[in-house]
file model-v4.txt (compact mmCIF, C-alpha atoms)
# COMPACT_ATOMS: atom_id res chain seq x y z
CA MET L 15 49.51 126.99 172.89
CA SER L 16 52.75 128.44 171.58
CA LYS L 17 53.54 128.54 167.90
CA PRO L 18 55.27 125.41 166.60
CA ASP L 19 58.84 125.74 165.50
CA ASN L 20 57.79 125.33 161.88
CA SER L 21 54.71 126.36 159.96
CA PHE L 22 52.84 124.05 157.65
CA SER L 23 52.69 126.36 154.71
CA GLY L 24 53.45 123.76 152.06
CA GLY L 25 56.41 123.81 149.76
CA PRO L 26 58.86 121.37 148.29
CA VAL L 27 59.03 117.80 149.51
CA ASP L 28 62.28 118.42 151.40
CA HIS L 29 60.67 121.26 153.26
CA GLU L 30 57.66 119.10 154.18
CA GLU L 31 60.00 116.36 155.29
CA LYS L 32 62.00 118.70 157.49
CA THR L 33 58.90 120.36 158.89
CA LEU L 34 57.36 117.07 159.89
CA ARG L 35 60.58 115.71 161.32
CA ASP L 36 61.11 118.83 163.42
CA PHE L 37 57.53 118.81 164.59
CA PHE L 38 57.71 115.15 165.63
CA ARG L 39 61.04 115.79 167.34
CA ALA L 40 59.60 118.73 169.27
CA ALA L 41 56.57 116.71 170.32
CA GLY L 42 58.70 113.87 171.65
CA HIS L 43 57.51 110.48 172.83
CA GLU L 44 54.38 109.97 174.81
CA PRO L 45 55.82 109.43 178.30
CA ALA L 46 55.29 105.91 179.60
CA PRO L 47 53.72 105.52 183.06
CA ALA L 48 56.32 106.14 185.75
CA ASP L 49 55.91 102.68 187.25
CA LEU L 50 56.01 100.74 183.96
CA SER L 51 59.58 99.46 184.36
CA ALA L 52 58.88 98.45 187.98
CA ARG L 53 55.77 96.55 186.86
CA VAL L 54 57.70 94.80 184.07
CA LEU L 55 60.49 93.71 186.40
CA ALA L 56 58.01 92.54 189.06
CA ARG L 57 56.19 90.44 186.45
CA ILE L 58 59.43 88.90 185.18
CA LYS L 59 60.40 87.99 188.76
CA THR L 60 57.00 86.40 189.44
CA GLU L 61 57.07 84.41 186.20
CA GLU L 62 60.63 83.24 186.85
CA LYS L 63 59.68 81.98 190.30
CA SER L 64 56.72 80.01 188.99
CA SER L 65 58.73 78.54 186.11
CA LEU L 66 61.52 77.46 188.45
CA ALA L 67 59.16 75.53 190.78
CA PRO L 68 59.85 71.80 190.50
CA VAL L 69 57.04 69.80 188.92
CA ARG L 70 56.72 66.15 189.89
CA PRO L 71 55.77 64.07 186.87
CA LEU L 72 52.71 61.84 187.01
CA ILE L 73 54.83 58.79 186.21
CA PRO L 74 58.45 59.11 187.39
CA ARG L 75 61.42 58.10 185.27
CA THR L 76 61.90 54.83 187.15
CA GLY L 77 58.24 54.04 186.48
CA TRP L 78 58.71 54.52 182.73
CA ALA L 79 61.89 52.40 182.89
CA ALA L 80 60.00 49.60 184.63
CA ILE L 81 57.18 49.77 182.09
CA GLY L 82 59.75 49.63 179.29
CA VAL L 83 61.47 46.56 180.77
CA LEU L 84 58.12 44.77 181.22
CA VAL L 85 57.03 45.52 177.65
CA LEU L 86 60.40 44.38 176.32
CA ALA L 87 60.28 41.19 178.38
CA SER L 88 56.76 40.42 177.13
CA ILE L 89 57.87 40.87 173.53
CA VAL L 90 60.91 38.63 174.03
CA TYR L 91 58.76 35.97 175.70
CA ALA L 92 56.17 36.04 172.95
CA VAL L 93 58.68 36.04 170.10
CA SER L 94 60.79 33.26 171.57
CA TYR L 95 57.83 30.83 171.89
CA PRO L 96 58.36 28.10 169.29
CA SER L 97 55.63 27.26 166.84
CA ASP L 98 55.68 23.51 167.68
CA GLY L 99 54.45 24.30 171.20
CA ASP L 100 57.25 22.39 173.00
CA GLY L 101 58.64 25.49 174.66
CA THR L 102 62.17 26.71 175.24
CA ARG L 103 64.23 26.94 178.41
CA LEU L 104 62.71 30.30 179.06
CA HIS L 105 59.22 28.84 178.92
CA GLU L 106 60.22 25.83 181.01
CA TRP L 107 61.70 28.16 183.58
CA TRP L 108 58.55 30.30 183.58
CA GLY L 109 56.38 27.19 183.77
CA GLN L 110 57.74 26.22 187.20
CA PHE L 111 56.02 29.25 188.72
CA HIS L 112 52.41 28.74 189.65
CA VAL L 113 50.76 31.97 188.69
CA PRO L 114 47.26 32.15 190.10
CA THR L 115 44.64 32.36 187.42
CA ILE L 116 41.12 33.64 187.58
CA GLN L 117 38.43 31.56 185.98
CA ILE L 118 35.62 33.58 184.53
CA ASN L 119 32.69 31.76 183.07
CA ILE L 120 31.07 33.82 180.42
CA PRO L 121 27.75 32.42 179.31
CA ASP L 122 27.78 31.31 175.70
CA LEU L 123 24.86 33.42 174.72
CA ILE L 124 26.06 36.75 176.05
CA SER L 125 24.79 39.47 173.77
CA VAL L 126 26.39 42.74 172.66
CA PHE L 127 23.70 44.58 174.59
CA GLN L 128 24.86 42.91 177.79
CA PHE L 129 28.57 43.11 176.98
CA VAL L 130 28.80 46.88 176.32
CA PRO L 131 27.10 48.11 179.51
CA GLY L 132 28.96 45.47 181.48
CA SER L 133 32.31 46.64 180.11
CA LEU L 134 31.44 50.25 180.81
CA ALA L 135 30.50 49.38 184.38
CA LEU L 136 33.93 47.79 184.81
CA LEU L 137 35.79 50.62 183.10
CA PHE L 138 33.96 53.47 184.84
CA PRO L 139 35.74 53.16 188.23
CA ILE L 140 39.09 52.97 186.41
CA ILE L 141 38.32 56.15 184.44
CA LEU L 142 37.25 57.90 187.66
CA LEU L 143 40.50 56.88 189.32
CA GLN L 144 42.52 58.21 186.37
CA LEU L 145 40.63 61.51 186.43
CA TYR L 146 41.38 61.82 190.14
CA PHE L 147 45.12 61.33 189.51
CA ILE L 148 45.18 63.76 186.57
CA LYS L 149 43.28 66.42 188.58
CA ASN L 150 45.69 66.09 191.50
CA PHE L 151 48.65 66.30 189.15
CA TYR L 152 47.54 69.55 187.51
CA GLU L 153 46.39 71.16 190.76
CA GLY L 154 49.77 70.41 192.28
CA ARG L 155 51.54 71.75 189.23
CA TYR L 156 49.88 75.17 189.17
CA SER L 157 49.60 75.78 192.89
CA ARG L 158 53.38 75.95 193.25
CA MET D 16 79.55 105.40 174.32
CA GLU D 17 75.83 105.09 174.98
CA GLY D 18 75.74 102.15 172.56
CA ASP D 19 78.54 100.41 174.47
CA GLN D 20 76.64 100.91 177.70
CA GLU D 21 73.55 99.46 176.08
CA GLN D 22 75.51 96.42 174.85
CA ASP D 23 76.78 95.87 178.40
CA TRP D 24 73.23 95.99 179.74
CA ILE D 25 72.06 93.55 177.06
CA ARG D 26 74.87 91.09 177.86
CA ALA D 27 74.13 91.33 181.58
CA ALA D 28 70.37 90.98 181.04
CA VAL D 29 70.87 87.83 178.96
CA LYS D 30 72.69 86.37 181.96
CA GLY D 31 69.67 87.17 184.12
CA ASP D 32 70.67 90.55 185.55
CA LEU D 33 67.28 92.18 186.07
CA GLN D 34 68.78 95.48 187.13
CA ALA D 35 70.50 95.75 183.75
CA TYR D 36 67.27 94.90 181.98
CA GLY D 37 65.59 97.59 184.06
CA GLN D 38 68.03 100.10 182.56
CA LEU D 39 67.14 98.93 179.06
CA VAL D 40 63.44 99.20 179.84
CA HIS D 41 63.94 102.69 181.22
CA LEU D 42 65.79 103.69 178.06
CA HIS D 43 63.17 102.43 175.60
CA GLN D 44 59.87 102.38 177.48
CA ASP D 45 58.69 105.71 176.03
CA MET D 46 59.26 104.44 172.50
CA VAL D 47 57.38 101.21 173.21
CA PHE D 48 54.55 103.05 174.93
CA SER D 49 54.27 105.68 172.19
CA LEU D 50 54.02 103.06 169.48
CA SER D 51 51.51 101.05 171.54
CA LEU D 52 49.38 104.15 172.01
CA THR D 53 49.60 105.05 168.33
CA LEU D 54 48.26 101.64 167.43
CA LEU D 55 45.71 100.99 170.14
CA LYS D 56 44.51 104.55 170.96
CA ASP D 57 43.64 103.57 174.49
CA ARG D 58 45.96 104.34 177.36
CA GLN D 59 45.14 101.23 179.39
CA ASP D 60 45.47 98.94 176.38
CA ALA D 61 48.77 100.62 175.50
CA GLU D 62 50.07 100.09 179.05
CA ASP D 63 49.11 96.42 178.92
CA LEU D 64 50.72 95.97 175.52
CA SER D 65 53.90 97.77 176.58
CA GLN D 66 54.18 95.54 179.63
CA ASP D 67 53.63 92.39 177.57
CA VAL D 68 56.15 93.49 174.95
CA LEU D 69 58.85 94.31 177.49
CA VAL D 70 58.34 90.99 179.29
CA LYS D 71 58.40 89.11 175.98
CA ALA D 72 61.54 90.97 174.91
CA TYR D 73 63.27 89.80 178.10
CA ARG D 74 62.35 86.19 177.31
CA MET D 75 63.56 86.59 173.70
CA LEU D 76 66.73 88.47 174.61
CA PRO D 77 69.01 85.42 174.12
CA GLN D 78 67.81 85.37 170.49
CA PHE D 79 68.94 88.96 169.92
CA LYS D 80 72.02 88.67 167.71
CA GLY D 81 73.08 92.30 167.90
CA LEU D 82 73.26 92.61 164.10
CA ALA D 83 70.73 95.45 164.15
CA PRO D 84 70.25 98.09 166.86
CA PHE D 85 68.40 96.93 169.97
CA LYS D 86 65.92 99.76 169.52
CA GLY D 87 64.90 98.43 166.09
CA TRP D 88 64.61 94.89 167.43
CA LEU D 89 62.33 96.08 170.24
CA TYR D 90 60.37 98.21 167.79
CA ARG D 91 59.78 95.16 165.61
CA ILE D 92 58.41 93.15 168.56
CA THR D 93 56.14 96.04 169.54
CA TYR D 94 55.00 96.49 165.93
CA HIS D 95 53.99 92.86 165.43
CA GLU D 96 52.51 92.41 168.89
CA GLY D 97 50.66 95.69 168.49
CA LEU D 98 49.13 94.74 165.15
CA ASN D 99 48.07 91.36 166.55
CA ARG D 100 46.52 93.04 169.59
CA LEU D 101 44.77 95.58 167.36
CA LYS D 102 43.21 92.80 165.29
CA LYS D 103 42.10 91.07 168.47
CA ILE D 104 40.57 94.25 169.88
CA ARG D 105 38.83 94.99 166.59
CA ARG D 106 37.33 91.53 166.58
CA GLN D 107 36.12 91.99 170.17
CA ARG D 108 34.78 95.49 169.68
CA SER D 109 33.84 95.44 166.04
CA THR D 110 31.35 98.26 166.44
CA LEU D 111 33.50 100.56 168.54
CA ASP D 112 34.56 103.79 166.91
CA LEU D 113 38.18 104.10 167.91
CA ASN D 114 38.25 107.73 166.78
CA ASP D 115 36.04 108.72 169.70
CA GLN D 116 38.84 107.92 172.08
CA VAL D 117 41.34 110.27 170.50
CA GLY D 118 41.85 113.53 172.26
CA ASN D 119 40.76 112.60 175.75
CA ALA D 120 43.47 110.06 176.45
CA HIS D 121 46.61 111.84 175.44
CA THR D 122 46.69 115.12 177.31
CA GLU D 123 48.76 114.08 180.25
CA THR D 124 50.80 117.03 181.39
CA THR D 125 53.29 117.31 184.16
CA GLY D 126 52.77 120.98 184.85
CA ALA D 127 55.85 122.29 183.10
CA LEU D 128 55.08 124.64 180.22
CA ASP D 129 57.40 122.84 177.83
CA GLU D 130 55.73 119.57 178.55
CA LEU D 131 52.32 121.21 178.04
CA GLU D 132 53.39 122.44 174.61
CA ALA D 133 54.88 119.08 173.74
CA ALA D 134 51.69 117.38 174.88
CA ASP D 135 49.65 119.69 172.63
CA LYS D 136 51.89 118.80 169.71
CA ARG D 137 51.59 115.12 170.51
CA LYS D 138 47.83 115.50 170.56
CA MET D 139 47.91 117.19 167.15
CA ILE D 140 50.15 114.45 165.80
CA ARG D 141 47.91 111.69 167.12
CA GLN D 142 44.87 113.32 165.59
CA ALA D 143 46.73 113.69 162.31
CA LEU D 144 47.98 110.10 162.43
CA ASP D 145 44.40 108.92 162.75
CA HIS D 146 43.92 109.88 159.12
CA LEU D 147 46.32 107.08 158.17
CA ALA D 148 45.96 103.30 158.24
CA PRO D 149 47.50 101.67 161.37
CA GLU D 150 50.34 100.13 159.36
CA ASP D 151 51.17 103.54 157.83
CA GLN D 152 51.03 105.17 161.27
CA VAL D 153 53.71 102.78 162.43
CA LEU D 154 55.89 103.57 159.41
CA VAL D 155 55.55 107.30 160.03
CA GLN D 156 56.34 106.85 163.69
CA ALA D 157 59.43 104.80 162.90
CA TYR D 158 60.65 107.26 160.29
CA TYR D 159 59.91 110.60 161.94
CA PHE D 160 59.78 109.80 165.65
CA GLU D 161 62.46 107.14 165.89
CA GLU D 162 64.39 108.53 162.94
CA MET D 163 65.04 105.06 161.58
CA SER D 164 66.39 104.53 158.09
CA ILE D 165 64.23 103.11 155.30
CA ARG D 166 66.35 99.95 155.44
CA GLU D 167 65.71 99.52 159.15
CA ILE D 168 61.98 99.96 158.58
CA CYS D 169 62.18 97.29 155.85
CA GLY D 170 63.55 94.88 158.43
CA ILE D 171 60.77 95.68 160.85
CA SER D 172 57.77 95.73 158.56
CA GLY D 173 58.84 93.23 155.91
CA LEU D 174 57.87 95.72 153.17
CA SER D 175 60.12 96.63 150.25
CA GLU D 176 62.07 99.90 150.20
CA SER D 177 60.06 101.32 147.31
CA ASN D 178 56.80 100.39 148.99
CA ILE D 179 57.87 102.15 152.18
CA LYS D 180 58.96 105.24 150.26
CA ILE D 181 55.60 105.44 148.49
CA LYS D 182 53.69 104.95 151.75
CA LEU D 183 55.79 107.58 153.50
CA TYR D 184 55.32 110.00 150.62
CA ARG D 185 51.54 109.63 150.73
CA SER D 186 51.47 109.77 154.52
CA ARG D 187 53.60 112.90 154.51
CA LYS D 188 51.15 114.62 152.17
CA VAL D 189 48.19 113.71 154.39
CA LEU D 190 49.95 114.67 157.62
CA HIS D 191 51.17 117.94 156.24
CA GLU D 192 47.69 118.88 155.09
CA VAL D 193 46.00 117.84 158.35
CA LEU D 194 48.59 119.49 160.58
CA GLN D 195 48.46 122.68 158.55
CA LYS D 196 44.66 122.80 158.95
CA ALA D 197 44.96 122.03 162.68
CA TRP D 198 47.47 124.83 163.05
CA VAL D 199 45.20 127.33 161.24
CA ASP D 200 42.25 126.26 163.45
CA GLU D 201 44.39 126.68 166.55
CA GLN D 202 45.32 130.21 165.48
CA ALA D 203 41.68 131.09 164.78
CA ARG D 204 40.68 130.31 168.38

call {"tool": "encode", "arguments": {"input": "model-v4.txt", "output": "structure tokens"}}
result
Amino acid sequence: MSKPDNSFSGGPVDHEEKTLRDFFRAAGHEPAPADLSARVLARIKTEEKSSLAPVRPLIPRTGWAAIGVLVLASIVYAVSYPSDGDGTRLHEWWGQFHVPTIQINIPDLISVFQFVPGSLALLFPIILLQLYFIKNFYEGRYSR
Amino acid sequence: MEGDQEQDWIRAAVKGDLQAYGQLVHLHQDMVFSLSLTLLKDRQDAEDLSQDVLVKAYRMLPQFKGLAPFKGWLYRITYHEGLNRLKKIRRQRSTLDLNDQVGNAHTETTGALDELEAADKRKMIRQALDHLAPEDQVLVQAYYFEEMSIREICGISGLSESNIKIKLYRSRKVLHEVLQKAWVDEQAR
């Protein structure tokens, strides 16, 4: 190894300062790997491509709009129902439609122990269906 | 002139010109890598950190106001990312003695005599820097390697001017002593 440009023989602070600065300057930076910039640019390109891929939402905008309209309509219908039970024009108009109803006879003595498992049995297929949709949504999102 | 060119590259890179960003990377990659290596001591970890920092800097480029030099801005990102990574690595390898890695990872030479000498000096510096706390190593690197002003280092580290001056003074004493001893040992061989 050749002798450094400056010795480290001590001395005033200014001398130490200069010595160190010169030594650091002579040493220079640790050279980065030759392909670092190429790797950085390749990664930026890859990330840009994946971020630009269109992602279809689980519920589209029109779906949310429809849900909003239905919720609003339900609120208006409920609020506009008079307390005397006679009904308004809106309710008369709605009354002319014969909406099919489902009659469910629940035994009077149904216990909590029967109700909870029964509810879970009904809800379980719905939860499974939701999980299926969510899984498909995320798989589709990240595979692009 | 070089600063104007750099500003042009920054403006172009903000607009998505990857070639311009490539020029910026090429200009500053050694600084980023050096600082990463100073902090992490491992070549592979330093490469990973440098890559992450340079990708993050590209994402954050629209936030760069140009009030301070680009080099300082990039140094600040590397500094904070590096310290976070160091904490993470320390948590993962709490029993690892980082000092063991010094000396065998930093002797890359290209064959040219000058580069060999410079590499020897770098090795001596790295060994000397290991006598300082990581935060102080970064301050020394910024002050002596990057030749930044105390005010610039304040902006990067968040420390006060007087605090930085004290830390640099103490670090200088330690480095001077260690490098002097290393030099005497080298001569004795």

call {"tool": "interface_residues", "arguments": {"input": "model-v4.txt", "of": "chain L", "to": "chain D", "cutoff": "6 Å", "atoms": "all atoms listed in the file", "output": "number ranges by chain"}}
result
L: 22, 35, 38, 41, 43-46, 51, 54

call {"tool": "atom_distance", "arguments": {"input": "model-v4.txt", "atom1": "atom CA of L:Ala87", "atom2": "atom CA of L:Glu106"}}
result
15.6 Å

call {"tool": "atom_distance", "arguments": {"input": "model-v4.txt", "atom1": "atom CA of D:Asn178", "atom2": "atom CA of D:Ile165"}}
result
10.1 Å

call {"tool": "atom_distance", "arguments": {"input": "model-v4.txt", "atom1": "atom CA of L:Trp108", "atom2": "atom CA of L:Ala92"}}
result
12.3 Å

call {"tool": "residues_around", "arguments": {"input": "model-v4.txt", "residues": "L:Ile73", "least_positions_apart": "4", "cutoff": "12 Å", "atoms": "all atoms listed in the file", "output": "list in words"}}
result
Val69, Gly77, Trp78, Ala79, Ala80, Ile81, Phe147, Ile148 and Phe151 of chain L

call {"tool": "closest_residue", "arguments": {"input": "model-v4.txt", "among": "D:Gln22, D:Gln142, D:Thr93, D:Ser164", "to": "D:Gly81", "atoms": "all atoms listed in the file"}}
result
D:Gln22
